[in-house]
Structure formats: C-alpha cells, structure tokens
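Peer 1: Got query04.csv for you, CSV, C-alpha atoms:
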chain,number,residue,atom,x,y,z
O,1,MET,CA,66.2,-100.3,164.8
O,2,GLU,CA,62.6,-100.1,166.1
O,3,ILE,CA,60.6,-97.0,167.1
O,4,THR,CA,57.4,-97.5,169.1
O,5,TRP,CA,55.0,-94.8,170.2
O,6,PHE,CA,52.9,-94.8,173.4
O,7,GLY,CA,51.0,-91.6,172.9
O,8,LEU,CA,51.8,-87.9,173.4
O,9,SER,CA,55.6,-87.5,173.2
O,10,CYS,CA,56.5,-90.9,174.6
O,11,PHE,CA,58.5,-93.3,172.4
O,12,ARG,CA,60.8,-96.3,172.9
O,13,LEU,CA,63.9,-96.6,170.7
O,14,VAL,CA,65.4,-100.0,170.5
O,15,GLU,CA,68.5,-101.4,168.7
O,16,ARG,CA,70.0,-104.8,169.3
O,17,GLY,CA,73.2,-104.5,171.4
O,18,MET,CA,72.7,-100.8,172.2
O,19,ALA,CA,71.0,-98.9,175.0
O,20,THR,CA,67.2,-98.6,174.9
O,21,VAL,CA,65.7,-95.1,175.2
O,22,VAL,CA,62.3,-94.0,176.4
O,23,THR,CA,61.4,-90.4,175.8
O,24,ASP,CA,59.0,-88.2,177.7
O,25,PRO,CA,57.0,-90.8,179.8
O,26,TYR,CA,53.6,-89.4,180.9
O,27,ASP,CA,51.6,-89.7,184.1
O,28,HIS,CA,48.5,-91.5,182.9
O,29,GLN,CA,46.4,-90.2,185.8
O,30,VAL,CA,46.9,-86.7,184.6
O,31,VAL,CA,46.7,-87.1,180.8
O,32,GLY,CA,44.0,-89.8,180.7
O,33,LEU,CA,45.9,-92.3,178.4
O,34,ASP,CA,46.9,-95.9,179.2
O,35,ARG,CA,49.2,-96.6,182.1
O,36,LEU,CA,52.8,-96.9,181.0
O,37,ASN,CA,54.9,-99.9,182.1
O,38,LEU,CA,58.2,-99.7,180.3
O,39,LYS,CA,61.8,-100.7,180.6
O,40,ALA,CA,64.8,-98.7,179.3
O,41,ASP,CA,68.4,-97.9,180.0
O,42,ILE,CA,67.9,-94.2,179.3
O,43,VAL,CA,65.0,-91.9,180.0
O,44,THR,CA,65.0,-88.4,178.4
O,45,ILE,CA,62.8,-85.6,179.6
O,46,SER,CA,62.1,-82.6,177.3
O,47,HIS,CA,60.5,-80.4,180.1
O,48,ASP,CA,59.1,-80.6,183.5
O,49,ALA,CA,55.4,-81.3,183.0
O,50,PRO,CA,53.3,-84.4,184.0
O,51,GLY,CA,52.8,-85.3,180.3
O,52,HIS,CA,56.5,-85.6,179.8
O,53,ASN,CA,58.4,-86.2,183.1
O,54,TYR,CA,56.9,-89.3,184.8
O,55,VAL,CA,60.1,-91.3,185.2
O,56,ASP,CA,58.4,-93.7,187.6
O,57,ALA,CA,56.7,-95.3,184.6
O,58,VAL,CA,60.0,-96.7,183.4
O,59,LYS,CA,61.8,-99.5,185.2
O,60,SER,CA,65.5,-100.5,185.1
O,61,LYS,CA,66.5,-97.0,184.0
O,62,GLU,CA,70.2,-96.2,184.7
O,63,HIS,CA,70.3,-92.7,183.2
O,64,VAL,CA,67.7,-89.9,183.3
O,65,LEU,CA,68.6,-86.9,181.0
O,66,THR,CA,66.8,-83.6,181.7
O,67,GLY,CA,68.9,-80.9,180.1
O,68,PRO,CA,71.4,-79.9,177.4
O,69,GLY,CA,74.7,-81.7,176.8
O,70,GLU,CA,76.5,-84.4,174.9
O,71,TYR,CA,76.3,-88.0,176.0
O,72,GLU,CA,77.5,-91.4,175.0
O,73,ILE,CA,75.6,-94.2,176.7
O,74,GLY,CA,75.5,-97.9,175.7
O,75,GLY,CA,76.7,-97.1,172.2
O,76,VAL,CA,74.1,-94.3,171.6
O,77,PHE,CA,75.4,-90.8,171.0
O,78,ILE,CA,73.0,-88.2,172.3
O,79,THR,CA,73.0,-84.5,171.7
O,80,ALA,CA,70.6,-82.4,173.9
O,81,VAL,CA,69.9,-78.8,173.0
O,82,ARG,CA,67.9,-76.2,174.9
O,83,THR,CA,65.2,-74.5,172.9
O,84,ASN,CA,62.2,-72.1,173.2
O,85,GLY,CA,64.5,-69.2,174.0
O,86,LYS,CA,63.9,-66.8,176.9
O,87,LYS,CA,60.7,-67.2,178.8
O,88,ARG,CA,58.2,-64.7,177.6
O,89,LYS,CA,55.6,-65.7,180.1
O,90,SER,CA,56.0,-66.9,183.7
O,91,ASP,CA,54.3,-70.2,182.9
O,92,GLU,CA,56.3,-70.9,179.7
O,93,LEU,CA,58.5,-74.0,180.1
O,94,SER,CA,61.9,-74.4,178.6
O,95,ASN,CA,62.4,-77.4,176.3
O,96,THR,CA,65.2,-79.8,175.5
O,97,LEU,CA,65.5,-81.3,172.1
O,98,TYR,CA,67.4,-84.6,171.8
O,99,VAL,CA,69.1,-86.1,168.8
O,100,PHE,CA,69.9,-89.8,169.1
O,101,ASP,CA,72.6,-91.4,166.9
O,102,TYR,CA,72.1,-95.2,166.7
O,103,ASP,CA,75.0,-96.3,164.5
O,104,ASN,CA,74.5,-93.5,162.0
O,105,VAL,CA,70.7,-93.5,162.1
O,106,THR,CA,69.8,-90.2,163.7
O,107,ILE,CA,66.5,-89.5,165.4
O,108,ALA,CA,65.5,-86.0,166.6
O,109,HIS,CA,62.9,-85.8,169.3
O,110,LEU,CA,61.7,-82.2,169.4
O,111,GLY,CA,59.9,-82.3,172.7
O,112,ASP,CA,57.7,-79.3,173.2
O,113,LEU,CA,59.5,-77.1,170.7
O,114,ASN,CA,57.2,-74.1,170.3
O,115,GLN,CA,58.9,-72.0,167.7
O,116,VAL,CA,60.6,-72.5,164.3
O,117,PRO,CA,64.4,-72.7,164.8
O,118,SER,CA,66.7,-70.5,162.8
O,119,GLN,CA,68.6,-71.9,159.9
O,120,SER,CA,71.8,-71.8,161.9
O,121,GLU,CA,70.1,-73.8,164.7
O,122,ILE,CA,68.9,-76.3,162.2
O,123,GLU,CA,72.3,-76.7,160.7
O,124,ALA,CA,73.8,-77.3,164.2
O,125,LEU,CA,71.7,-80.4,164.6
O,126,GLY,CA,73.4,-82.1,161.6
O,127,ASP,CA,71.8,-84.6,159.3
O,128,VAL,CA,68.5,-85.8,160.8
O,129,ASN,CA,67.2,-89.0,159.4
O,130,ILE,CA,64.0,-89.3,161.4
O,131,VAL,CA,62.2,-86.5,163.2
O,132,LEU,CA,59.6,-86.9,166.0
O,133,VAL,CA,57.6,-83.6,165.8
O,134,PRO,CA,54.8,-82.2,168.0
O,135,VAL,CA,51.9,-81.1,165.8
O,136,GLY,CA,49.0,-80.5,168.2
O,137,ALA,CA,49.9,-77.1,169.7
O,138,SER,CA,49.1,-76.4,173.4
O,139,SER,CA,52.7,-75.6,174.5
O,140,GLY,CA,54.3,-77.1,171.4
O,141,LEU,CA,54.2,-76.5,167.6
O,142,ASN,CA,50.9,-76.2,165.8
O,143,ALA,CA,50.3,-77.9,162.5
O,144,ALA,CA,51.5,-75.1,160.3
O,145,LYS,CA,54.7,-74.5,162.3
O,146,ALA,CA,55.4,-78.2,162.5
O,147,ALA,CA,55.2,-78.5,158.7
O,148,GLU,CA,57.6,-75.6,158.4
O,149,VAL,CA,60.1,-77.3,160.8
O,150,VAL,CA,59.9,-80.4,158.7
O,151,SER,CA,60.7,-78.5,155.5
O,152,LEU,CA,63.8,-77.0,157.2
O,153,LEU,CA,65.1,-80.3,158.6
O,154,GLU,CA,64.4,-82.3,155.4
O,155,PRO,CA,64.4,-85.6,157.2
O,156,GLY,CA,63.9,-89.0,155.5
O,157,ILE,CA,61.0,-89.8,157.8
O,158,VAL,CA,58.6,-87.7,159.8
O,159,ILE,CA,56.6,-89.2,162.8
O,160,PRO,CA,54.0,-86.8,164.3
O,161,MET,CA,53.4,-86.8,168.0
O,162,HIS,CA,51.7,-84.7,170.7
O,163,TYR,CA,48.2,-84.5,169.1
O,164,HIS,CA,44.7,-85.4,170.4
O,165,LEU,CA,44.0,-89.1,171.1
O,166,PRO,CA,40.7,-90.6,172.3
O,167,GLY,CA,40.6,-90.5,176.1
O,168,SER,CA,43.1,-87.8,176.5
O,169,ARG,CA,42.3,-85.0,178.9
O,170,LEU,CA,44.7,-82.6,177.2
O,171,SER,CA,43.5,-79.8,174.9
O,172,LEU,CA,45.4,-80.8,171.7
O,173,GLN,CA,44.5,-80.5,168.0
O,174,PRO,CA,43.8,-83.5,165.9
O,175,LEU,CA,46.4,-85.1,163.6
O,176,GLU,CA,44.3,-84.3,160.5
O,177,LYS,CA,45.3,-80.6,160.7
O,178,PHE,CA,49.0,-81.6,160.3
O,179,LEU,CA,48.2,-84.0,157.5
O,180,ARG,CA,46.5,-81.2,155.6
O,181,GLU,CA,49.5,-78.9,156.1
O,182,MET,CA,51.7,-81.7,154.6
O,183,GLY,CA,49.3,-82.2,151.7
O,184,ILE,CA,48.5,-85.7,152.7
O,185,GLY,CA,45.1,-87.4,152.9
O,186,ASP,CA,44.2,-90.4,154.9
O,187,ILE,CA,47.1,-92.5,156.0
O,188,SER,CA,47.1,-95.9,157.6
O,189,PRO,CA,48.8,-96.0,161.0
O,190,GLU,CA,51.6,-98.6,161.6
O,191,PRO,CA,52.2,-100.4,164.9
O,192,SER,CA,55.9,-99.4,164.9
O,193,LEU,CA,58.7,-98.3,162.6
O,194,LYS,CA,61.5,-100.8,161.9
O,195,ILE,CA,64.2,-99.1,159.9
O,196,THR,CA,67.8,-99.5,158.8
O,197,ARG,CA,70.2,-96.8,157.6
O,198,SER,CA,70.0,-98.1,154.0
O,199,ALA,CA,66.2,-97.9,154.1
O,200,ILE,CA,66.0,-94.2,154.9
O,201,PRO,CA,64.2,-92.6,151.9
O,202,ASP,CA,65.7,-89.7,150.0
O,203,GLU,CA,62.4,-87.9,149.8
O,204,THR,CA,60.6,-87.1,153.1
O,205,LYS,CA,58.0,-89.7,154.0
O,206,LEU,CA,55.4,-89.3,156.7
O,207,VAL,CA,54.8,-92.3,159.0
O,208,VAL,CA,51.9,-92.3,161.5
O,209,LEU,CA,52.2,-94.7,164.4
O,210,GLU,CA,49.5,-96.3,166.4
O,211,PRO,CA,49.8,-95.7,170.2
O,212,HIS,CA,51.1,-99.0,171.6
O,213,LYS,CA,49.0,-100.6,174.3
Let me see whether you can do it: turn the structure in this file into structure tokens.

Peer 2:
Amino acid sequence: MEITWFGLSCFRLVERGMATVVTDPYDHQVVGLDRLNLKADIVTISHDAPGHNYVDAVKSKEHVLTGPGEYEIGGVFITAVRTNGKKRKSDELSNTLYVFDYDNVTIAHLGDLNQVPSQSEIEALGDVNIVLVPVGASSGLNAAKAAEVVSLLEPGIVIPMHYHLPGSRLSLQPLEKFLREMGIGDISPEPSLKITRSAIPDETKLVVLEPHK
C-alpha cells in the first residue's frame, strides 16, 4: 500500500483493489498551506475544525466518517474510537482516532489526540503496524507526549504529522523537537511510504514524509 502526506493531519491511503481513504482534509484558506484537490472513496474527520474537516477538498467521496464505530467499506476495516475524555474547557474539541486495516496492514491515525492513552486503551487498539502521530502540540500531543505514545504502541513505523510547515498560519512546534525526543538526528524526508505486510520492521522505524504538492 502507499501512504502520502499533504500536510497537517491529511493523508491519502491507497491499496490496489481496495477503498482509498483521505484523512482530515484541511481548508487551505484558513491554514495557509497548498490547496487540496483529492479523490477518495472514504473521508475521515478526527474533529470539527477547519484544519481537519474540509470535506469539499475531496471529490468522488462516498462515505464521510466523523465519529466512533466499526466500519467495513471497500475491503477496508475501520475502527473509530473517541478520545480526549471529558471536555475540561468549553473550547476543547473531542477527537476520533481511526485504525485502518488494509489486508492485515494496520494504520492508526491519532487525529488531535491530546493525552497519553491508558494501557487498557492501547491494548484495545490491537496490533498497530503504522502510527500517524501528531507531534506539534496546539490542540494535539506535544513532542514528549507523542514519543511516550509511540513507546506504548510499539508500531513498526512512525510517521509524524501536525507540526509546523513553511507557510502555515497555525502555531505549531517544529518537527525537530519530536526528533530529539526520539533520539534521532537529521532524517531525509521521503515523498511517500510504500509498504507491504512482510516489510513492516520488528524494531520501530521513524519515517518523515514530504508534504505532497
């Protein structure tokens, strides 16, 4: 399968013969990044904010998922779980975490997860091969908490998201903070991740993606 990043929390997941997913499409006029022009069968929204819920950026969509549940669409099994607990502030948004199962390759998109899950919550997600984790704070995890979540999930591959990019109007921290927390120096970004089940590493590997234009 192939995973492509478009900035913030927006990814496209593609596998031949199965449904295509786009996660958290953003409104470019609000966030300041490139305009999105995507096609997908399924759009998932982690929470109701302009950086994550702009479904008009995705054409040909047949399904828009916005909350918890279990779904099977186009050969893809999707488990959606509500996180962030009770609202402590009036402006604190709820969040939906999605786990996509593409023929036994599991990808967890953590959305704007803002607190470290309990061990029981981690176990409920099952075996996660690839985790897409917010690392730039604002309403999501900061670098230190993101690294802690990674250590709990023990995925084969970690792809950071939701951090500062040139041109962005959002107040987010740079990727380098997360790299330091993970004990990693400079790392060369890749245009996309192409992966099969047999290629998932036993030891956690960090992959940084370039935002696709």

Peer 1: Place a sphere of radius 12 Å on (70.6, -91.1, 186.0) in the file coordinates and name every protein, DNA or RNA residue with an atom inside or on its surface, counting all atoms listed in the file; give the answer as a PyMOL selection string.

Peer 2: chain O and resi 40-45+55+60-67+71+73

Peer 1: Around (47.3, -74.0, 169.8) in the file's own coordinates, what residues are found within 12 Å if you use all atoms listed in the file, given back as a list in words?

Peer 2: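 Neighbouring residues, ordered by chain and number, come to Asn114, Gln115, Pro134, Val135, Gly136, Ala137, Ser138, Ser139, Gly140, Leu141, Asn142, Ala143, Ala144, Lys145, Ala146, His162, Tyr163, His164, Leu170, Ser171, Leu172, Gln173, Pro174 and Lys177 of chain O.
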
Peer 1: One decimal, in Å: what's the spacing between CA of Glu176 in chain O and CA of Asn53 in chain O?

Peer 2: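 Value for the CA of Glu176 in chain O-CA of Asn53 in chain O distance: 26.7 Å.
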
Peer 1: Nearest to Ile195 in chain O among O:Gly74, O:Gly32, O:Pro68, O:Gly156, with distances taken over only C-alpha atoms: which residue is it?

Peer 2: O:Gly156

Peer 1: Between O:Thr106, O:Gln29, O:Gln119, O:Ser46, which has the minimum distance to Thr83 in chain O (counting only C-alpha atoms)?

Peer 2: O:Ser46

Peer 1: Neighbours of Glu121 in chain O within 12 Å (all atoms listed in the file; same-chain residues fewer than 2 positions away dropped), as a list of chain:residue names?

Peer 2: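 Those residues are O:Val81, O:Arg82, O:Thr83, O:Asn84, O:Gly85, O:Leu97, O:Gln115, O:Val116, O:Pro117, O:Ser118, O:Gln119, O:Glu123, O:Ala124, O:Leu125, O:Gly126, O:Val149, O:Leu152, O:Leu153.
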
Peer 1: Using all atoms listed in the file, find the one residue out of O:Phe77, O:Glu190, O:Gly7, O:Leu33 that sits nearest to Gly167 in chain O.

Peer 2: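 For Gly167 in chain O, the nearest of the given residues is O:Leu33.
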
Peer 1: Taking only C-alpha atoms into account, which of O:Ala57, O:Leu38, O:Leu8, O:Leu175 comes nearest Thr20 in chain O?

Peer 2: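 Closest to Thr20 in chain O, using only C-alpha atoms: O:Leu38.
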
Peer 1: Could you check which of O:Val76, O:Leu209, O:Val30, O:Ala49 is closest to Met18 in chain O, using all atoms listed in the file?

Peer 2: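 Nearest candidate to Met18 in chain O out of O:Val76, O:Leu209, O:Val30, O:Ala49: O:Val76.
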
Peer 1: Per residue of range 12-55 of chain O within 10 Å of range 191-194 of chain O, record the nearest atom pair and its distance in Å to one decimal, counting all atoms listed in the file, with rows in chain order and ascending residue number, as CSV.

Peer 2:
residue,atom,partner,partner_atom,distance
O:Arg12,CA,O:Ser192,CA,9.9
O:Leu13,CA,O:Leu193,CA,9.8
O:Val14,CA,O:Lys194,CA,9.5
O:Glu15,CA,O:Lys194,CA,9.8

Peer 1: Determine the nearest neighbour of Ile200 in chain O from the options O:Ile122, O:Ser94, O:His52, O:Met1, counting only C-alpha atoms.

Peer 2: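 The shortest atom-to-atom distance to Ile200 in chain O comes from O:Met1.
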
Peer 1: Can you tell me how far CA of Ala147 in chain O sits from CA of Val133 in chain O, in Å to one decimal?

Peer 2: 9.1 Å

Peer 1: Could you state the separation of CA of His109 in chain O and CA of Val21 in chain O in Å, given to one decimal place?

Peer 2: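 Here the two named atoms are 11.4 Å from each other.
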